[in-house]
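Structure data follow from my_file-v5.tsv (TSV, C-alpha atoms and all ligand atoms):
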chain	number	residue	atom	x	y	z
A	1	MET	CA	-118.32	46.26	-174.36
A	2	ARG	CA	-116.69	43.30	-176.16
A	3	ILE	CA	-113.28	42.03	-175.11
A	4	VAL	CA	-111.36	39.50	-177.21
A	5	VAL	CA	-108.42	37.65	-175.67
A	6	LEU	CA	-105.73	35.79	-177.62
A	7	ALA	CA	-104.62	33.02	-175.28
A	8	GLY	CA	-102.71	29.80	-174.82
A	9	GLY	CA	-103.16	27.27	-172.05
A	10	ILE	CA	-102.13	27.53	-168.45
A	11	GLY	CA	-101.21	31.24	-168.29
A	12	GLY	CA	-104.07	32.01	-170.62
A	13	ALA	CA	-106.56	30.22	-168.37
A	14	ARG	CA	-105.51	32.15	-165.25
A	15	PHE	CA	-105.56	35.40	-167.17
A	16	LEU	CA	-109.03	34.68	-168.59
A	17	ALA	CA	-110.36	34.13	-165.08
A	18	GLY	CA	-109.31	37.70	-164.32
A	19	VAL	CA	-110.77	39.01	-167.58
A	20	ARG	CA	-114.04	37.27	-166.75
A	21	ALA	CA	-114.07	38.87	-163.28
A	22	TYR	CA	-113.25	42.31	-164.72
A	23	ALA	CA	-115.87	41.91	-167.47
A	24	ALA	CA	-118.55	40.98	-164.92
A	25	GLY	CA	-117.83	44.26	-163.15
A	26	VAL	CA	-118.28	46.37	-166.27
A	27	GLY	CA	-120.90	44.29	-168.08
A	28	ALA	CA	-118.59	43.27	-170.91
A	29	GLU	CA	-118.67	40.03	-172.86
A	30	VAL	CA	-115.48	38.04	-173.42
A	31	THR	CA	-114.38	35.88	-176.33
A	32	ALA	CA	-111.19	33.84	-176.04
A	33	VAL	CA	-109.37	32.83	-179.23
A	34	VAL	CA	-107.33	29.86	-178.05
A	35	ASN	CA	-104.24	28.18	-179.48
A	36	VAL	CA	-104.63	24.73	-181.03
A	37	GLY	CA	-100.99	24.20	-181.99
A	38	ASP	CA	-100.48	21.98	-178.93
A	39	ASP	CA	-103.20	19.57	-180.10
A	40	ILE	CA	-102.15	15.98	-180.58
A	41	ARG	CA	-103.77	12.71	-181.57
A	42	LEU	CA	-102.72	9.97	-179.13
A	43	HIS	CA	-104.14	6.49	-178.58
A	44	GLY	CA	-106.77	7.35	-181.18
A	45	LEU	CA	-107.96	10.41	-179.23
A	46	ARG	CA	-107.81	14.09	-180.18
A	47	ILE	CA	-106.36	16.03	-177.28
A	48	CYS	CA	-106.56	19.86	-177.10
A	49	PRO	CA	-104.38	20.94	-174.16
A	50	ASP	CA	-104.88	24.70	-174.35
A	51	LEU	CA	-108.63	24.59	-174.95
A	52	ASP	CA	-108.96	22.06	-172.12
A	53	SER	CA	-106.78	24.04	-169.69
A	54	VAL	CA	-108.96	27.11	-170.26
A	55	MET	CA	-112.25	25.18	-170.18
A	56	TYR	CA	-111.39	23.23	-167.03
A	57	HIS	CA	-109.92	26.22	-165.19
A	58	LEU	CA	-112.83	28.54	-165.94
A	59	GLY	CA	-115.28	25.70	-165.38
A	60	GLY	CA	-113.85	24.88	-161.96
A	61	GLY	CA	-112.58	21.42	-162.87
A	62	ALA	CA	-108.86	22.02	-163.28
A	63	ASP	CA	-106.16	20.69	-161.02
A	64	PRO	CA	-104.83	23.86	-159.34
A	65	GLU	CA	-101.21	22.74	-159.04
A	66	ARG	CA	-100.63	21.10	-162.39
A	67	GLY	CA	-102.42	23.79	-164.37
A	68	TRP	CA	-103.53	21.17	-166.86
A	69	GLY	CA	-105.90	18.21	-166.64
A	70	ARG	CA	-108.58	17.56	-164.08
A	71	ALA	CA	-108.75	17.91	-160.33
A	72	ASP	CA	-109.12	14.61	-158.40
A	73	GLU	CA	-107.61	12.82	-161.38
A	74	THR	CA	-106.65	9.13	-161.50
A	75	TRP	CA	-104.31	7.44	-163.98
A	76	THR	CA	-105.66	3.90	-164.44
A	77	VAL	CA	-106.04	4.12	-168.23
A	78	LYS	CA	-102.51	5.51	-168.48
A	79	SER	CA	-101.04	2.63	-166.47
A	80	GLU	CA	-103.07	0.04	-168.35
A	81	LEU	CA	-101.85	1.46	-171.66
A	82	ALA	CA	-98.28	1.24	-170.35
A	83	ALA	CA	-98.91	-2.39	-169.35
A	84	TYR	CA	-99.64	-3.07	-173.00
A	85	GLY	CA	-96.51	-1.22	-174.00
A	86	ALA	CA	-98.72	1.21	-175.90
A	87	GLU	CA	-96.52	4.24	-176.66
A	88	PRO	CA	-96.21	7.02	-175.83
A	89	THR	CA	-96.08	6.37	-172.12
A	90	TRP	CA	-94.65	9.86	-171.40
A	91	PHE	CA	-97.99	11.62	-171.90
A	92	GLY	CA	-100.06	12.11	-168.74
A	93	LEU	CA	-103.46	10.83	-169.81
A	94	GLY	CA	-105.88	11.17	-166.88
A	95	ASP	CA	-109.01	9.01	-166.57
A	96	ARG	CA	-111.40	11.96	-166.21
A	97	ASP	CA	-109.56	13.74	-169.04
A	98	VAL	CA	-110.04	10.69	-171.28
A	99	ALA	CA	-113.81	11.25	-171.16
A	100	THR	CA	-113.31	14.72	-172.65
A	101	HIS	CA	-111.12	13.32	-175.41
A	102	LEU	CA	-113.63	10.51	-176.12
A	103	VAL	CA	-116.53	12.96	-176.49
A	104	ARG	CA	-114.41	15.32	-178.62
A	105	THR	CA	-113.05	12.55	-180.86
A	106	THR	CA	-116.50	11.02	-181.33
A	107	MET	CA	-117.94	14.39	-182.38
A	108	LEU	CA	-114.99	15.18	-184.67
A	109	ASP	CA	-115.32	11.73	-186.28
A	110	ALA	CA	-119.04	12.45	-186.78
A	111	GLY	CA	-118.01	15.54	-188.76
A	112	TYR	CA	-118.47	18.34	-186.24
A	113	PRO	CA	-115.81	21.05	-186.46
A	114	LEU	CA	-113.64	21.66	-183.39
A	115	SER	CA	-115.46	24.94	-182.70
A	116	ALA	CA	-118.80	23.10	-182.45
A	117	VAL	CA	-117.21	20.40	-180.30
A	118	THR	CA	-115.77	23.06	-177.97
A	119	GLU	CA	-119.18	24.70	-177.69
A	120	ALA	CA	-120.73	21.33	-176.80
A	121	LEU	CA	-118.10	20.58	-174.13
A	122	CYS	CA	-118.64	24.07	-172.70
A	123	GLU	CA	-122.34	23.25	-172.23
A	124	ARG	CA	-121.10	21.21	-169.29
A	125	TRP	CA	-118.28	23.42	-168.06
A	126	ARG	CA	-119.93	26.82	-168.52
A	127	PRO	CA	-116.63	28.78	-168.56
A	128	GLY	CA	-118.45	32.13	-168.62
A	129	VAL	CA	-116.53	33.30	-171.70
A	130	ARG	CA	-116.95	32.22	-175.32
A	131	LEU	CA	-114.17	29.77	-176.20
A	132	LEU	CA	-113.10	29.65	-179.83
A	133	PRO	CA	-110.29	27.54	-181.24
A	134	ALA	CA	-108.07	29.74	-183.42
A	135	THR	CA	-108.91	27.40	-186.30
A	136	ASP	CA	-110.98	24.27	-186.98
A	137	ASP	CA	-108.32	23.11	-189.41
A	138	ARG	CA	-105.19	21.12	-188.71
A	139	LEU	CA	-102.47	23.26	-187.16
A	140	GLU	CA	-99.77	21.49	-185.15
A	141	THR	CA	-96.63	22.92	-183.59
A	142	HIS	CA	-93.61	20.79	-184.37
A	143	VAL	CA	-90.13	21.48	-183.06
A	144	VAL	CA	-86.91	20.95	-185.06
A	145	VAL	CA	-84.34	19.46	-182.67
A	146	ASP	CA	-81.13	17.46	-182.61
A	147	VAL	CA	-81.83	14.11	-180.95
A	148	ASP	CA	-79.93	10.79	-181.11
A	149	GLY	CA	-77.37	12.41	-183.36
A	150	GLU	CA	-79.85	13.48	-186.00
A	151	ARG	CA	-81.90	16.58	-186.76
A	152	ARG	CA	-85.64	16.01	-186.90
A	153	ALA	CA	-89.03	17.46	-186.04
A	154	VAL	CA	-90.85	16.21	-182.98
A	155	HIS	CA	-94.41	17.11	-181.94
A	156	PHE	CA	-94.53	20.00	-179.52
A	157	GLN	CA	-95.95	17.77	-176.79
A	158	GLU	CA	-92.96	15.43	-177.04
A	159	TRP	CA	-90.61	18.42	-176.86
A	160	TRP	CA	-92.53	19.84	-173.89
A	161	ILE	CA	-93.23	16.71	-171.86
A	162	ARG	CA	-90.77	13.98	-172.85
A	163	TYR	CA	-87.74	16.19	-173.39
A	164	ARG	CA	-88.75	19.22	-171.22
A	165	GLY	CA	-87.25	21.33	-173.98
A	166	ASP	CA	-83.77	20.11	-172.99
A	167	LEU	CA	-82.58	19.43	-176.53
A	168	PRO	CA	-80.70	21.59	-179.04
A	169	THR	CA	-83.77	23.32	-180.49
A	170	HIS	CA	-83.64	25.09	-183.84
A	171	ARG	CA	-87.15	26.03	-184.97
A	172	PHE	CA	-90.83	25.93	-184.15
A	173	VAL	CA	-92.96	25.09	-187.15
A	174	PHE	CA	-96.73	25.65	-187.18
A	175	VAL	CA	-97.65	22.84	-189.53
A	176	GLY	CA	-100.78	23.70	-191.49
A	177	ALA	CA	-100.90	27.37	-190.49
A	178	ASP	CA	-100.86	28.72	-194.04
A	179	ALA	CA	-103.85	26.64	-195.07
A	180	ALA	CA	-105.69	26.94	-191.74
A	181	LYS	CA	-108.70	29.26	-191.77
A	182	PRO	CA	-109.88	31.15	-188.69
A	183	ALA	CA	-112.65	29.22	-186.94
A	184	PRO	CA	-116.18	30.61	-187.36
A	185	GLY	CA	-116.57	33.70	-185.20
A	186	VAL	CA	-112.85	34.41	-184.80
A	187	LEU	CA	-112.55	37.22	-187.36
A	188	ASP	CA	-116.00	38.60	-186.51
A	189	SER	CA	-115.14	38.76	-182.81
A	190	ILE	CA	-111.80	40.49	-183.48
A	191	GLU	CA	-113.38	42.96	-185.90
A	192	GLY	CA	-116.24	43.66	-183.49
A	193	ALA	CA	-114.05	43.96	-180.40
A	194	ASP	CA	-113.73	47.12	-178.34
A	195	VAL	CA	-110.38	45.85	-177.02
A	196	VAL	CA	-108.13	42.95	-177.96
A	197	LEU	CA	-105.97	41.59	-175.12
A	198	VAL	CA	-102.92	39.38	-175.66
A	199	ALA	CA	-102.73	37.06	-172.64
A	200	PRO	CA	-99.42	36.54	-170.81
A	201	SER	CA	-99.11	33.16	-172.52
A	202	ASN	CA	-95.98	31.79	-174.12
A	203	PRO	CA	-95.39	34.24	-177.01
A	204	VAL	CA	-93.60	31.67	-179.19
A	205	VAL	CA	-95.70	28.51	-178.91
A	206	SER	CA	-99.06	29.85	-177.70
A	207	ILE	CA	-99.64	33.34	-179.12
A	208	ALA	CA	-97.60	33.06	-182.33
A	209	PRO	CA	-99.55	29.99	-183.60
A	210	VAL	CA	-102.80	31.91	-183.06
A	211	LEU	CA	-101.50	34.87	-185.06
A	212	ALA	CA	-100.16	32.47	-187.72
A	213	VAL	CA	-103.66	31.36	-188.73
A	214	ALA	CA	-104.32	33.00	-192.11
A	215	GLY	CA	-106.03	36.35	-191.58
A	216	VAL	CA	-105.83	36.53	-187.78
A	217	ARG	CA	-102.72	38.71	-187.47
A	218	GLU	CA	-104.12	41.01	-190.18
A	219	ALA	CA	-107.47	41.26	-188.38
A	220	VAL	CA	-105.77	42.14	-185.09
A	221	ALA	CA	-103.23	44.60	-186.57
A	222	GLY	CA	-105.74	46.13	-188.98
A	223	GLY	CA	-108.73	46.25	-186.66
A	224	SER	CA	-110.21	49.32	-185.01
A	225	ALA	CA	-109.89	47.88	-181.50
A	226	PRO	CA	-106.82	48.86	-179.49
A	227	VAL	CA	-104.54	45.90	-178.77
A	228	VAL	CA	-102.93	45.54	-175.35
A	229	GLY	CA	-100.49	42.80	-174.49
A	230	VAL	CA	-99.55	41.61	-171.02
A	231	SER	CA	-95.94	40.57	-170.52
A	232	PRO	CA	-95.39	36.87	-169.75
A	233	ILE	CA	-91.91	37.76	-168.48
A	234	ILE	CA	-91.35	39.32	-165.06
A	235	GLY	CA	-87.87	40.47	-164.13
A	236	GLY	CA	-86.30	38.51	-166.96
A	237	ARG	CA	-87.98	35.24	-166.06
A	238	PRO	CA	-91.10	33.55	-167.44
A	239	VAL	CA	-93.98	33.46	-164.98
A	240	ARG	CA	-94.40	29.76	-165.74
A	241	GLY	CA	-93.46	27.22	-168.37
A	242	MET	CA	-90.57	27.41	-170.77
A	243	ALA	CA	-90.93	30.73	-172.57
A	244	ASP	CA	-87.24	31.30	-171.84
A	245	LYS	CA	-86.23	28.23	-173.87
A	246	CYS	CA	-88.63	29.18	-176.64
A	247	LEU	CA	-87.41	32.78	-176.81
A	248	ALA	CA	-83.79	31.63	-176.81
A	249	THR	CA	-84.51	29.53	-179.90
A	250	LEU	CA	-85.76	32.66	-181.65
A	251	GLU	CA	-82.86	34.68	-180.19
A	252	VAL	CA	-85.36	37.05	-178.60
A	253	PRO	CA	-84.22	38.37	-175.21
A	254	CYS	CA	-86.15	36.83	-172.32
A	255	THR	CA	-87.32	40.24	-171.13
A	256	ALA	CA	-90.57	42.21	-171.08
A	257	ALA	CA	-88.99	44.52	-173.66
A	258	GLY	CA	-87.88	41.59	-175.82
A	259	VAL	CA	-91.35	40.07	-176.00
A	260	GLY	CA	-92.97	43.48	-176.50
A	261	GLY	CA	-90.58	44.08	-179.37
A	262	MET	CA	-91.38	40.65	-180.82
A	263	TYR	CA	-95.09	41.53	-180.95
A	264	GLY	CA	-94.14	44.97	-182.27
A	265	SER	CA	-95.88	48.30	-182.38
A	266	ARG	CA	-98.96	48.44	-184.60
A	267	GLY	CA	-97.42	51.61	-186.03
A	268	ASP	CA	-94.60	49.68	-187.64
A	269	GLY	CA	-96.00	46.37	-188.72
A	270	GLY	CA	-96.65	44.84	-185.32
A	271	ILE	CA	-99.85	44.46	-183.33
A	272	LEU	CA	-99.46	46.38	-180.05
A	273	ASP	CA	-100.91	49.70	-178.96
A	274	GLY	CA	-100.27	48.99	-175.28
A	275	TRP	CA	-97.88	46.77	-173.32
A	276	LEU	CA	-98.40	46.03	-169.62
A	277	VAL	CA	-95.31	45.05	-167.68
A	278	ASP	CA	-94.59	44.29	-164.05
A	279	PRO	CA	-93.11	47.15	-161.97
A	280	ALA	CA	-89.87	45.10	-161.92
A	281	ASP	CA	-89.64	45.94	-165.63
A	282	GLY	CA	-91.05	49.45	-165.33
A	283	ASP	CA	-88.20	50.97	-167.35
A	284	VAL	CA	-89.32	49.26	-170.56
A	285	ALA	CA	-89.80	51.64	-173.47
A	286	LEU	CA	-91.28	50.49	-176.79
A	287	PRO	CA	-91.47	53.08	-179.58
A	288	GLY	CA	-95.05	53.62	-180.66
A	289	VAL	CA	-96.45	51.54	-177.78
A	290	ARG	CA	-97.95	52.86	-174.55
A	291	VAL	CA	-96.16	50.96	-171.77
A	292	GLY	CA	-97.77	50.65	-168.35
A	293	ALA	CA	-96.71	48.89	-165.16
A	294	ALA	CA	-98.88	46.84	-162.80
A	295	PRO	CA	-98.24	43.81	-160.62
A	296	LEU	CA	-98.45	40.83	-163.00
A	297	TRP	CA	-98.41	37.92	-160.55
A	298	MET	CA	-101.76	36.19	-161.11
A	299	THR	CA	-102.01	35.12	-157.48
A	300	ASP	CA	-105.80	35.06	-157.56
A	301	GLU	CA	-108.73	36.17	-159.67
A	302	MET	CA	-108.96	39.63	-158.12
A	303	ALA	CA	-105.24	40.29	-158.59
A	304	THR	CA	-105.63	39.26	-162.21
A	305	ALA	CA	-108.76	41.41	-162.59
A	306	ALA	CA	-106.67	44.36	-161.37
A	307	MET	CA	-104.09	43.56	-164.05
A	308	VAL	CA	-106.83	43.52	-166.64
A	309	ARG	CA	-108.14	46.88	-165.44
A	310	ALA	CA	-104.62	48.31	-165.72
A	311	ALA	CA	-104.37	46.94	-169.27
A	312	MET	CA	-107.75	48.38	-170.25
A	313	GLU	CA	-106.79	51.77	-168.82
A	314	LEU	CA	-103.69	51.84	-170.98
A	315	VAL	CA	-105.80	52.46	-174.08
B	1	LIG	N1	-97.86	18.62	-169.29
B	1	LIG	C1	-96.82	17.94	-168.71
B	1	LIG	O1	-95.83	18.58	-168.35
B	1	LIG	N2	-96.86	16.59	-168.55
B	1	LIG	C2	-97.92	15.85	-168.94
B	1	LIG	O2	-97.92	14.63	-168.80
B	1	LIG	C3	-99.05	16.53	-169.53
B	1	LIG	C4	-100.19	15.84	-169.93
B	1	LIG	C5	-101.29	16.58	-170.43
B	1	LIG	C6	-102.48	15.95	-170.74
B	1	LIG	C7	-103.55	16.67	-171.22
B	1	LIG	C8	-103.45	18.05	-171.38
B	1	LIG	O3	-104.51	18.76	-171.83
B	1	LIG	C9	-102.27	18.72	-171.06
B	1	LIG	C10	-101.17	17.98	-170.59
B	1	LIG	N3	-99.99	18.61	-170.24
B	1	LIG	C11	-98.95	17.93	-169.68
B	1	LIG	C12	-99.82	20.03	-170.45
B	1	LIG	C13	-99.49	20.32	-171.87
B	1	LIG	O4	-98.48	19.53	-172.39
B	1	LIG	C14	-99.05	21.78	-171.90
B	1	LIG	O5	-99.77	22.49	-170.96
B	1	LIG	C15	-99.41	22.53	-173.12
B	1	LIG	O6	-99.54	21.78	-174.21
B	1	LIG	C16	-98.37	23.62	-173.23
B	1	LIG	O7	-98.99	24.80	-172.83

Go through the file and emit its structure as structure tokens.
Amino acid sequence: MRIVVLAGGIGGARFLAGVRAYAAGVGAEVTAVVNVGDDIRLHGLRICPDLDSVMYHLGGGADPERGWGRADETWTVKSELAAYGAEPTWFGLGDRDVATHLVRTTMLDAGYPLSAVTEALCERWRPGVRLLPATDDRLETHVVVDVDGERRAVHFQEWWIRYRGDLPTHRFVFVGADAAKPAPGVLDSIEGADVVLVAPSNPVVSIAPVLAVAGVREAVAGGSAPVVGVSPIIGGRPVRGMADKCLATLEVPCTAAGVGGMYGSRGDGGILDGWLVDPADGDVALPGVRVGAAPLWMTDEMATAAMVRAAMELV
């Protein structure tokens, strides 16, 4: 059996650990199509937050509290950069993390596509699932905000880290999405999947930029594999991160029903056949979508594997 997961970073990583555990139990293979909209070039380095969160978490090298970056991290390079006044100083660049960015940037500069770079980095981390960037092309999430009395676009990372989303926010723009092609293997894995799972990642800035890559939404919605999403909202609150601020910008209710409706039923132009919600939201009804309830707190790998089993049983 082949399972494909559309995923973002922190929530996606935890979810993928459960998918991996579930897949091991049933002898399935897992491909993760991961968001690259968070990527940023800083201090001359290409940084891929969502790919790295997934790679480190599944590879056993992630810091468990932060959810991003490495365990046992130090921040000497960051403080030395600040001593030079090298901006931005708001980005948490860890010393161990810098090695990943140096290897990735060196390979990209040598002409390797991001998908090949990711494969090379995974030689070390052995995540146990195939990690594919949604695209090898440039796709960057920018956020249109009001700041210092003017309206302008800032990079998603600046919105997320420097401003914590606490700015009048008008739009999320996936710069480059129209021209971006799915990375090698993305369409094949979706078309060859027995099930496509949508991770409980941020629907607006993690899942949407994956679906925005030319051809990906069509492959998911038009494919033969049933598509099951897992709600990132429990009892009206995001499990983690700032999905509430992102949904508010799109005027989508911060509810399991609101996000399910945003993805939409495959029957009427959306992508979902199934939608898994927490029992706290058990009354959710989505026309044309099979809604199921299971505990969605990813407290550990086995709890998450149980979630995955519930999602798979929906279709
Ligand atoms: N998130 C923060 O809240 N503060 C940081 O300083 C920070 C640094 C950072 C460095 C590398 C990396 O891969 C991720 C990092 N993140 C940081 C997380 C990142 O901004 C977000 O996880 C994603 O981009 C949104 O999902």

When you count all atoms listed in the file, which of these residues is closest to ligand LIG 1 (chain B): A:Gly241, A:Gly269, A:Gly223, A:Gly235?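 Residue with the minimum atom-to-atom distance to ligand LIG 1 (chain B): A:Gly241.
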
Let me make sure I understand: among A:Gly11, A:Gly60, A:Gly274, A:Gly282, which one has the smallest atom-to-atom distance to Thr255 of chain A if we use all atoms listed in the file? A:Gly282

For Thr106 of chain A, find every residue with an atom within 10 Å (counting only C-alpha atoms), except residues of its own chain fewer than 4 positions away, and show them as a list of chain:residue names. A:Leu45, A:Arg46, A:Thr100, A:His101, A:Leu102, A:Ala110, A:Gly111, A:Tyr112, A:Val117

Writing out the chosen residues with C-alpha atoms as a CSV table (one decimal), keeping the file's coordinate frame:
chain,number,residue,atom,x,y,z
A,45,LEU,CA,-108.0,10.4,-179.2
A,46,ARG,CA,-107.8,14.1,-180.2
A,100,THR,CA,-113.3,14.7,-172.6
A,101,HIS,CA,-111.1,13.3,-175.4
A,102,LEU,CA,-113.6,10.5,-176.1
A,110,ALA,CA,-119.0,12.4,-186.8
A,111,GLY,CA,-118.0,15.5,-188.8
A,112,TYR,CA,-118.5,18.3,-186.2
A,117,VAL,CA,-117.2,20.4,-180.3

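Distances here use all atoms listed in the file; by that measure, the residue among A:Leu247, A:Ala193, A:Ala7, A:Ile234 closest to Val284 of chain A is A:Ile234.
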
Which polymer residues have any atom within 8 Å of an atom of Arg171 of chain A, counting all atoms listed in the file, with same-chain residues fewer than 4 positions away left out, as a list of chain:residue names?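 After dropping sequence-adjacent residues, the list is A:Val143, A:Val144, A:Val145, A:Thr249, A:Leu250.
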
Distance limit 8 Å, reference ligand LIG 1 (chain B), atoms considered: all atoms listed in the file. Which residues make the cut? Give them as a PyMOL selection string. chain A and resi 8-10+38-39+47-53+66-69+90-94+97+156-157+160-162+164+202+205-206+241

At a cut-off of 8 Å, using all atoms listed in the file, what residues contact Glu140 of chain A? Leave out same-chain residues fewer than 5 positions from it and give the result as an mmCIF file with C-alpha atoms, in the frame of the given file.
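out-v1.cif was written with the following content:
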data_model
loop_
_atom_site.group_PDB
_atom_site.id
_atom_site.type_symbol
_atom_site.label_atom_id
_atom_site.label_comp_id
_atom_site.auth_asym_id
_atom_site.auth_seq_id
_atom_site.Cartn_x
_atom_site.Cartn_y
_atom_site.Cartn_z
ATOM 1 C CA VAL A 36 -104.630 24.730 -181.030
ATOM 2 C CA GLY A 37 -100.990 24.200 -181.990
ATOM 3 C CA ASP A 38 -100.480 21.980 -178.930
ATOM 4 C CA ASP A 39 -103.200 19.570 -180.100
ATOM 5 C CA ILE A 40 -102.150 15.980 -180.580
ATOM 6 C CA HIS A 155 -94.410 17.110 -181.940
ATOM 7 C CA PHE A 156 -94.530 20.000 -179.520
ATOM 8 C CA VAL A 173 -92.960 25.090 -187.150
ATOM 9 C CA PHE A 174 -96.730 25.650 -187.180
ATOM 10 C CA VAL A 175 -97.650 22.840 -189.530
ATOM 11 C CA GLY A 176 -100.780 23.700 -191.490
#

In Å to one decimal, how far is atom CA of Val19 of chain A from atom CA of Tyr56 of chain A?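 Distance reported for this atom pair: 15.8 Å.
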
Considering all atoms listed in the file, can you say which of A:Val252, A:Val228, A:Val98, A:Val308 comes closest to Thr76 of chain A?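 For Thr76 of chain A, the nearest of the given residues is A:Val98.
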
Have a look at atom CA of Asp146 of chain A and atom CA of Ala83 of chain A and let me know their distance in Å, one decimal.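 Interatomic distance here is 29.8 Å.
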
So which residues fall inside 10 Å of (-107.8, 46.2, -165.8) if we count all atoms listed in the file? Mind giving them as an MDAnalysis selection string? chainID A and resid 18:19 21:23 294 303:314

Student task, segment 245-260 of chain A output with N, CA, C and O atoms as a PDB file, in the first residue's frame:
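To be explicit, this is the file written out as decode.pdb:
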ATOM      1  N   LYS A 245      -4.860  32.927  13.371  1.00  0.00           N
ATOM      2  CA  LYS A 245      -4.596  34.237  12.731  1.00  0.00           C
ATOM      3  C   LYS A 245      -4.668  34.098  11.210  1.00  0.00           C
ATOM      4  O   LYS A 245      -5.176  34.979  10.516  1.00  0.00           O
ATOM      5  N   CYS A 246      -4.189  32.985  10.714  1.00  0.00           N
ATOM      6  CA  CYS A 246      -4.184  32.795   9.255  1.00  0.00           C
ATOM      7  C   CYS A 246      -5.606  32.634   8.733  1.00  0.00           C
ATOM      8  O   CYS A 246      -5.992  33.224   7.728  1.00  0.00           O
ATOM      9  N   LEU A 247      -6.406  31.860   9.456  1.00  0.00           N
ATOM     10  CA  LEU A 247      -7.797  31.636   9.022  1.00  0.00           C
ATOM     11  C   LEU A 247      -8.596  32.938   9.108  1.00  0.00           C
ATOM     12  O   LEU A 247      -9.414  33.234   8.231  1.00  0.00           O
ATOM     13  N   ALA A 248      -8.303  33.720  10.148  1.00  0.00           N
ATOM     14  CA  ALA A 248      -9.023  35.004  10.298  1.00  0.00           C
ATOM     15  C   ALA A 248      -8.750  35.893   9.086  1.00  0.00           C
ATOM     16  O   ALA A 248      -9.651  36.560   8.570  1.00  0.00           O
ATOM     17  N   THR A 249      -7.537  35.870   8.601  1.00  0.00           N
ATOM     18  CA  THR A 249      -7.192  36.698   7.424  1.00  0.00           C
ATOM     19  C   THR A 249      -8.023  36.295   6.210  1.00  0.00           C
ATOM     20  O   THR A 249      -8.423  37.131   5.416  1.00  0.00           O
ATOM     21  N   LEU A 250      -8.309  34.995   6.122  1.00  0.00           N
ATOM     22  CA  LEU A 250      -9.113  34.504   4.994  1.00  0.00           C
ATOM     23  C   LEU A 250     -10.603  34.513   5.329  1.00  0.00           C
ATOM     24  O   LEU A 250     -11.431  34.053   4.554  1.00  0.00           O
ATOM     25  N   GLU A 251     -10.915  34.977   6.539  1.00  0.00           N
ATOM     26  CA  GLU A 251     -12.316  34.994   7.013  1.00  0.00           C
ATOM     27  C   GLU A 251     -12.946  33.606   6.965  1.00  0.00           C
ATOM     28  O   GLU A 251     -14.116  33.432   6.619  1.00  0.00           O
ATOM     29  N   VAL A 252     -12.103  32.619   7.285  1.00  0.00           N
ATOM     30  CA  VAL A 252     -12.590  31.232   7.437  1.00  0.00           C
ATOM     31  C   VAL A 252     -12.724  30.978   8.934  1.00  0.00           C
ATOM     32  O   VAL A 252     -11.792  31.274   9.689  1.00  0.00           O
ATOM     33  N   PRO A 253     -13.867  30.439   9.385  1.00  0.00           N
ATOM     34  CA  PRO A 253     -14.019  30.200  10.820  1.00  0.00           C
ATOM     35  C   PRO A 253     -12.920  29.280  11.357  1.00  0.00           C
ATOM     36  O   PRO A 253     -12.537  28.317  10.679  1.00  0.00           O
ATOM     37  N   CYS A 254     -12.413  29.578  12.530  1.00  0.00           N
ATOM     38  CA  CYS A 254     -11.378  28.738  13.137  1.00  0.00           C
ATOM     39  C   CYS A 254     -12.042  27.539  13.798  1.00  0.00           C
ATOM     40  O   CYS A 254     -12.053  27.384  15.023  1.00  0.00           O
ATOM     41  N   THR A 255     -12.616  26.685  12.970  1.00  0.00           N
ATOM     42  CA  THR A 255     -13.310  25.484  13.464  1.00  0.00           C
ATOM     43  C   THR A 255     -12.956  24.306  12.554  1.00  0.00           C
ATOM     44  O   THR A 255     -12.496  24.512  11.413  1.00  0.00           O
ATOM     45  N   ALA A 256     -13.209  23.102  13.069  1.00  0.00           N
ATOM     46  CA  ALA A 256     -12.954  21.903  12.250  1.00  0.00           C
ATOM     47  C   ALA A 256     -13.824  21.945  10.996  1.00  0.00           C
ATOM     48  O   ALA A 256     -13.395  21.586   9.902  1.00  0.00           O
ATOM     49  N   ALA A 257     -15.056  22.453  11.174  1.00  0.00           N
ATOM     50  CA  ALA A 257     -15.966  22.552  10.013  1.00  0.00           C
ATOM     51  C   ALA A 257     -15.453  23.601   9.030  1.00  0.00           C
ATOM     52  O   ALA A 257     -15.480  23.402   7.811  1.00  0.00           O
ATOM     53  N   GLY A 258     -14.961  24.722   9.576  1.00  0.00           N
ATOM     54  CA  GLY A 258     -14.478  25.799   8.698  1.00  0.00           C
ATOM     55  C   GLY A 258     -13.326  25.337   7.830  1.00  0.00           C
ATOM     56  O   GLY A 258     -13.311  25.571   6.617  1.00  0.00           O
ATOM     57  N   VAL A 259     -12.366  24.635   8.424  1.00  0.00           N
ATOM     58  CA  VAL A 259     -11.216  24.177   7.642  1.00  0.00           C
ATOM     59  C   VAL A 259     -11.640  23.074   6.671  1.00  0.00           C
ATOM     60  O   VAL A 259     -11.246  23.090   5.500  1.00  0.00           O
ATOM     61  N   GLY A 260     -12.518  22.188   7.136  1.00  0.00           N
ATOM     62  CA  GLY A 260     -13.024  21.138   6.232  1.00  0.00           C
ATOM     63  C   GLY A 260     -13.719  21.753   5.033  1.00  0.00           C
ATOM     64  O   GLY A 260     -13.536  21.326   3.899  1.00  0.00           O
TER      65      GLY A 260
END
